Amino acid sequence: MPDLLLELLSEEIPARMQRRAAEDLKKLVTDALVERGFLYEGAKAFATPRRLALHIAGLPARGEAVREERRGPRVGAPEAAVQGFLKSAGLSSLDQATTVTDPKKGEFYLAVIERPGRETLDVLAEILPGIIKSFPWPKSMRWGAASAQPGSLRWVRPLQSIVATFGPETETPDVVPFAVEGISAGTTTRGHRFLSPEPFEVRRFDDYVPALERADVILDADRRKDIILHDAKDLAFARGLDLVEDEGLLEEVAGLVERPVVLMGSFEERFLEIPAEAIRATIRANQKCFVLRKSGSEELAPAFLLVSNLVASDGGAAITAGNERVVRARLSDARFFWETDKATKLEDRLPKLDAIVFHEKLGTQGERVARIAALAKDIAPLVGADPALAERAARLAKADLVTEMVGEFPELQGLMGRKYAELQGEHPSVAAAIEEHYKPVGPSDRVPTDPVSIAAALADKLDTLAGFWSIDEKPTGSKDPYALRRAALGVIRAVIERSLRLSLASLVAPRFANAGTERTADLLAFFADRLKVYLRDQGARHDLIDAVFALPGQDDLLLVVRRVEALGAFLATDDGKNLLAGYKRAANILRIEEKKDGRAYDAAPDAALAASGEPEERALAEALTAAREEASAAVAAEDFSGAMRALSRLRAPVDAFFEKVTVNADDPALRRNRLLLLNALRAATREVAEFSRIEG
């Protein structure tokens with residue numbers, strides 16, 4: 001079957017945009033084809049610094065004919081309805097429609113629309129210009145004389161040429177006939193800007209890839225990454241060094257080159273006095289280079305690897321020398337920052353935080369630090385930390401934000417603070433907390449283990465959450481500019497992974513001067529949503545989390561998780577499944593009868609009346625009393641498995657009650673008491689969860 005080859009050649013595409021752009025191109029084209037009934041066998045998109053490419057395999061040469069029956073208005077309908085039907089069906093008069101009789105609805109018009117299959121080449125020519133003109137670049141530009149015209153083409157960088165061919169591999173493919181802003185699709189492309197700048201012809205994807213390679217372009221970004229990584233490791237090994245791998249940098253560098261060549265540069269040993277993280281940040285951020293370690297050691301080597309985009313005639317000597325000059329200059333700056341920062345204690349930097357606005361409604365960084373320090377001191381006893389050390393750590397945690405090094409490399413915040421704290425003789429736990437109070441930053445980041453770090457980390461995140469909740473700046477949809485979801489997940493992970501017992505409500509409520517109860521409840525609901533995400537990834541059911549959070553006072557996340565685990569284990573048993581079925585039957589009966597009677601059956605049943613009734617009625621009443629007392633005591637002792645065992649004993653009497661006893665008895669007093677028994681079942685299950693929230 002025929003294939004499509006599409007290439008859009010332009011000036012340099014920013015590396016960070018390439019992968020997304022390639023996927024967008026594939027999705028937009030394939031979605032447009034499928035929407036028109038054109039299915040395909042496979043599609044793959046590619047990106048280099050100068051081009052987006054798409055290969056779609058197994059497209060039919062022609063689309064299938066379509067036959068559609070479209071029902072119109074009833075015979076005799078108003079003229080406007082008839083005209084609307086004719087227009088939508090593409091008919092010029094009712095003579096082109098048929099009349100169909102429906103036994104129930106009478107006669108109505110029916111249009112039979114037949115569309116012959118279209119040539120795929122024509123369909124591609126129809127959809128590709130629109131996709132190119134409306135391509136969703138995060139940032140784009142206009143250029144040339146046409147840029148003065150409204151609606152002119154926007155592209156990430158000036159678009160230079162388009163290759164678009166379609167046809168089977170056994171024949172010469174056709175050029176897809178379209179043009180965008182004067183750029184006509186054709187078969188001509190170019191290779192590497194410097195190594196192979198001359199244009200050349202391509203026909204199909206199988207010819208295109210090797211032709212590009214001959215023109216010094218590796219089309220597949222993953223292959224470029226593999227080449228860079230393999231060559232970097234080999235070159236480092238040959239010099240007795242180890243590569244410090246960096247997936248983010250590798251991805252970026254692969255988007256900067258079409259023909260990667262790895263070279264090694266060096267710098268003076270004296271620069272190794274700078275902290276390794278600062279050296280790495282300097283070389284990475286400014287030169288997009290990889291750092292190296294001495295073999296078998298964590299100590300950095302005075303060398304780095306750079307990735308060139310061409311094979312130089314001098315073996316890369318000039319390129320390496322140029323990078324070395326820049327690296328030395330940047331390391332000289334970093335060394336100056338390091339020496340300057342060491343001269344001032346962290347505590348002496350705190351007044352500068354009063355001049356930095358954290359948020360216009362939440363005050364300065366200095367005010368925020370005061371809040372975090374007070375909260376860390378309160379949290380400390382709850383997590384086994386020394387309150388004085390926790391307060392000290394929180395007070396110093398943001399001080400490195402006003403250092404020279406962090407001003408130049410913001411990604412080093414926390415880490416440089418720890419370095420400076422160690423140099424000035426702070427307690428090891430305080431120094432560690434300055435770095436670790438940001439953790440966990442993401443799902444793969446670790447949770448701190450030192451209690452002082454935990455206290456500072458929780459205080460930082462809870463202050464952030466409560467602060468933004470207090471000014472009603474909550475995440476909406478996909479927007480979360482203050483990373484509040486990440487902060488909540490960080491609290492959840494710290495609490496669960498470190499088995500911490502905390503009342504979140506008591507920690508955040510004091511921050512809400514007005515509408516405190518309402519905002520506290522809303523923030524706890526946000527934690528519940530985040531906990532669902534966390535536990536769902538662990539395999540837990542979201543409805544069980546809802547069932548537990550529906551109970552009042554559920555702000556101890558560790559207990560919520562333990563209760564959810566116990567509830568899940570219980571419902572996995574036959575007793576649990578049958579009791580849930582019995583509960584739902586009871587709840588349905590109560591809902592129907594309460595609506596019919598216009599009253600709630602929420603009082604306690606008459607024990608004497610139940611005792612004088614059917615044996616199954618008496619047995620259920622006794623079992624409910626015993627189960628509720630036992631479950632309540634088990635919950636109070638935080639023995640949730642024991643509470644589930646207590647409820648499991650209700651299965652047999654509940655089953656027997658529904659099998660033998662008529663709830664809606666003729667005797668009004670007996671009927672009322674039996675409905676109250678069902679309410680007692682509902683109340684007993686609420687000792688452990690709100691069963692109405694459980695699915696199934």
# chains A, B, ... in the order shown; residues from 1 in each chain; ligands from 1
call {"tool": "residues_around", "arguments": {"residues": "region 144-154 of chain A", "least_positions_apart": "3", "cutoff": "6 Å", "atoms": "only C-alpha atoms", "output": "PDB file with C-alpha atoms, in the first residue's frame"}}
result
ATOM      1  CA  LYS A 133      -0.963  27.084   8.751  1.00  0.00           C
ATOM      2  CA  SER A 140       6.003  31.274  16.406  1.00  0.00           C
ATOM      3  CA  MET A 141       6.937  34.112  14.058  1.00  0.00           C
TER       4      MET A 141
END
call {"tool": "residues_around", "arguments": {"residues": "region 13-21 of chain A", "least_positions_apart": "4", "cutoff": "8 Å", "atoms": "only C-alpha atoms", "output": "VMD selection string"}}
result
chain A and resid 25 46 to 52 136 to 138 156 to 157 252 to 256
call {"tool": "write_last_selection", "arguments": {"atoms": "N, CA, C and O atoms", "output": "PDB file, in the first residue's frame"}}
result
ATOM      1  N   LEU A  25       2.517  16.906  14.897  1.00  0.00           N
ATOM      2  CA  LEU A  25       2.382  16.716  13.454  1.00  0.00           C
ATOM      3  C   LEU A  25       1.754  15.362  13.151  1.00  0.00           C
ATOM      4  O   LEU A  25       0.824  15.257  12.334  1.00  0.00           O
ATOM      5  N   PHE A  46       9.425  12.495  13.243  1.00  0.00           N
ATOM      6  CA  PHE A  46      10.827  12.725  13.579  1.00  0.00           C
ATOM      7  C   PHE A  46      11.081  14.227  13.653  1.00  0.00           C
ATOM      8  O   PHE A  46      10.346  15.032  13.071  1.00  0.00           O
ATOM      9  N   ALA A  47      12.145  14.584  14.370  1.00  0.00           N
ATOM     10  CA  ALA A  47      12.541  15.986  14.440  1.00  0.00           C
ATOM     11  C   ALA A  47      14.055  16.087  14.514  1.00  0.00           C
ATOM     12  O   ALA A  47      14.718  15.284  15.183  1.00  0.00           O
ATOM     13  N   THR A  48      14.604  17.043  13.792  1.00  0.00           N
ATOM     14  CA  THR A  48      16.004  17.428  13.932  1.00  0.00           C
ATOM     15  C   THR A  48      15.988  18.935  14.188  1.00  0.00           C
ATOM     16  O   THR A  48      14.923  19.563  14.149  1.00  0.00           O
ATOM     17  N   PRO A  49      17.136  19.541  14.420  1.00  0.00           N
ATOM     18  CA  PRO A  49      17.126  20.988  14.646  1.00  0.00           C
ATOM     19  C   PRO A  49      16.526  21.802  13.508  1.00  0.00           C
ATOM     20  O   PRO A  49      16.104  22.935  13.719  1.00  0.00           O
ATOM     21  N   ARG A  50      16.474  21.228  12.297  1.00  0.00           N
ATOM     22  CA  ARG A  50      15.998  22.026  11.157  1.00  0.00           C
ATOM     23  C   ARG A  50      14.769  21.445  10.473  1.00  0.00           C
ATOM     24  O   ARG A  50      14.287  22.038   9.507  1.00  0.00           O
ATOM     25  N   ARG A  51      14.254  20.336  10.943  1.00  0.00           N
ATOM     26  CA  ARG A  51      13.164  19.737  10.177  1.00  0.00           C
ATOM     27  C   ARG A  51      12.235  18.922  11.059  1.00  0.00           C
ATOM     28  O   ARG A  51      12.635  18.343  12.075  1.00  0.00           O
ATOM     29  N   LEU A  52      10.956  18.905  10.634  1.00  0.00           N
ATOM     30  CA  LEU A  52       9.984  17.940  11.128  1.00  0.00           C
ATOM     31  C   LEU A  52       9.687  16.996   9.979  1.00  0.00           C
ATOM     32  O   LEU A  52       9.555  17.431   8.820  1.00  0.00           O
ATOM     33  N   PRO A 136       0.361  24.162  16.115  1.00  0.00           N
ATOM     34  CA  PRO A 136       0.344  24.723  17.484  1.00  0.00           C
ATOM     35  C   PRO A 136       1.723  24.900  18.115  1.00  0.00           C
ATOM     36  O   PRO A 136       2.032  24.317  19.158  1.00  0.00           O
ATOM     37  N   TRP A 137       2.580  25.714  17.520  1.00  0.00           N
ATOM     38  CA  TRP A 137       3.870  26.008  18.148  1.00  0.00           C
ATOM     39  C   TRP A 137       3.657  26.817  19.426  1.00  0.00           C
ATOM     40  O   TRP A 137       2.814  27.720  19.449  1.00  0.00           O
ATOM     41  N   PRO A 138       4.406  26.540  20.495  1.00  0.00           N
ATOM     42  CA  PRO A 138       4.290  27.379  21.699  1.00  0.00           C
ATOM     43  C   PRO A 138       4.620  28.835  21.413  1.00  0.00           C
ATOM     44  O   PRO A 138       4.016  29.752  21.965  1.00  0.00           O
ATOM     45  N   VAL A 156       7.680  28.284  13.673  1.00  0.00           N
ATOM     46  CA  VAL A 156       8.602  28.501  14.781  1.00  0.00           C
ATOM     47  C   VAL A 156       9.820  29.315  14.341  1.00  0.00           C
ATOM     48  O   VAL A 156      10.319  30.174  15.076  1.00  0.00           O
ATOM     49  N   ARG A 157      10.319  29.042  13.145  1.00  0.00           N
ATOM     50  CA  ARG A 157      11.366  29.801  12.485  1.00  0.00           C
ATOM     51  C   ARG A 157      11.025  29.786  10.994  1.00  0.00           C
ATOM     52  O   ARG A 157      10.235  28.941  10.555  1.00  0.00           O
ATOM     53  N   GLU A 252      18.404  17.453  25.357  1.00  0.00           N
ATOM     54  CA  GLU A 252      18.557  18.791  24.799  1.00  0.00           C
ATOM     55  C   GLU A 252      19.650  18.830  23.732  1.00  0.00           C
ATOM     56  O   GLU A 252      19.456  19.399  22.647  1.00  0.00           O
ATOM     57  N   VAL A 253      20.789  18.219  24.029  1.00  0.00           N
ATOM     58  CA  VAL A 253      21.909  18.266  23.085  1.00  0.00           C
ATOM     59  C   VAL A 253      21.558  17.523  21.797  1.00  0.00           C
ATOM     60  O   VAL A 253      21.931  17.954  20.695  1.00  0.00           O
ATOM     61  N   ALA A 254      20.819  16.422  21.913  1.00  0.00           N
ATOM     62  CA  ALA A 254      20.406  15.687  20.713  1.00  0.00           C
ATOM     63  C   ALA A 254      19.511  16.543  19.826  1.00  0.00           C
ATOM     64  O   ALA A 254      19.409  16.299  18.615  1.00  0.00           O
ATOM     65  N   GLY A 255      18.859  17.546  20.419  1.00  0.00           N
ATOM     66  CA  GLY A 255      18.035  18.463  19.648  1.00  0.00           C
ATOM     67  C   GLY A 255      18.791  19.658  19.112  1.00  0.00           C
ATOM     68  O   GLY A 255      18.206  20.517  18.454  1.00  0.00           O
ATOM     69  N   LEU A 256      20.083  19.721  19.388  1.00  0.00           N
ATOM     70  CA  LEU A 256      20.906  20.831  18.901  1.00  0.00           C
ATOM     71  C   LEU A 256      21.783  20.438  17.724  1.00  0.00           C
ATOM     72  O   LEU A 256      22.391  21.306  17.093  1.00  0.00           O
TER      73      LEU A 256
END
call {"tool": "atom_distance", "arguments": {"atom1": "CA of Ala164 (chain A)", "atom2": "CA of Glu64 (chain A)"}}
result
22.8 Å
call {"tool": "closest_residue", "arguments": {"among": "A:Thr344, A:Asn323, A:Asn578, A:Ser266", "to": "Leu423 (chain A)", "atoms": "only C-alpha atoms"}}
result
A:Thr344
call {"tool": "residues_around", "arguments": {"residues": "Glu324 (chain A)", "least_positions_apart": "5", "cutoff": "9 Å", "atoms": "only C-alpha atoms", "output": "PDB file with N, CA and C atoms, in the first residue's frame"}}
result
ATOM      1  N   GLY A 265      37.127  18.489  26.410  1.00  0.00           N
ATOM      2  CA  GLY A 265      37.881  19.670  26.788  1.00  0.00           C
ATOM      3  C   GLY A 265      38.321  19.567  28.237  1.00  0.00           C
ATOM      4  N   SER A 266      39.122  20.522  28.681  1.00  0.00           N
ATOM      5  CA  SER A 266      39.640  20.467  30.049  1.00  0.00           C
ATOM      6  C   SER A 266      39.665  21.857  30.664  1.00  0.00           C
ATOM      7  N   PHE A 267      39.835  21.908  31.983  1.00  0.00           N
ATOM      8  CA  PHE A 267      40.013  23.163  32.700  1.00  0.00           C
ATOM      9  C   PHE A 267      40.984  22.916  33.850  1.00  0.00           C
ATOM     10  N   PHE A 304      35.612  17.981  30.573  1.00  0.00           N
ATOM     11  CA  PHE A 304      34.193  17.968  30.202  1.00  0.00           C
ATOM     12  C   PHE A 304      34.070  17.464  28.769  1.00  0.00           C
ATOM     13  N   ILE A 319      37.233  23.970  17.908  1.00  0.00           N
ATOM     14  CA  ILE A 319      35.946  23.956  18.619  1.00  0.00           C
ATOM     15  C   ILE A 319      36.170  23.701  20.104  1.00  0.00           C
ATOM     16  N   ALA A 329      36.064  30.904  31.744  1.00  0.00           N
ATOM     17  CA  ALA A 329      35.497  32.192  32.150  1.00  0.00           C
ATOM     18  C   ALA A 329      34.306  31.984  33.083  1.00  0.00           C
TER      19      ALA A 329
END
call {"tool": "closest_residue", "arguments": {"among": "A:Phe658, A:Arg280, A:Phe290, A:Phe271", "to": "Ala232 (chain A)", "atoms": "only C-alpha atoms"}}
result
A:Phe290
call {"tool": "residues_around", "arguments": {"residues": "Ala643 (chain A)", "least_positions_apart": "2", "cutoff": "10 Å", "atoms": "only C-alpha atoms", "output": "ChimeraX atom specification"}}
result
/A:563,566-567,570,627-641,645-648,685,687-688
call {"tool": "atom_distance", "arguments": {"atom1": "CA of Lys398 (chain A)", "atom2": "CA of Arg371 (chain A)"}}
result
12.3 Å
call {"tool": "closest_residue", "arguments": {"among": "A:Asn679, A:Arg493, A:Asp314, A:Trp338", "to": "Glu593 (chain A)", "atoms": "only C-alpha atoms"}}
result
A:Asn679
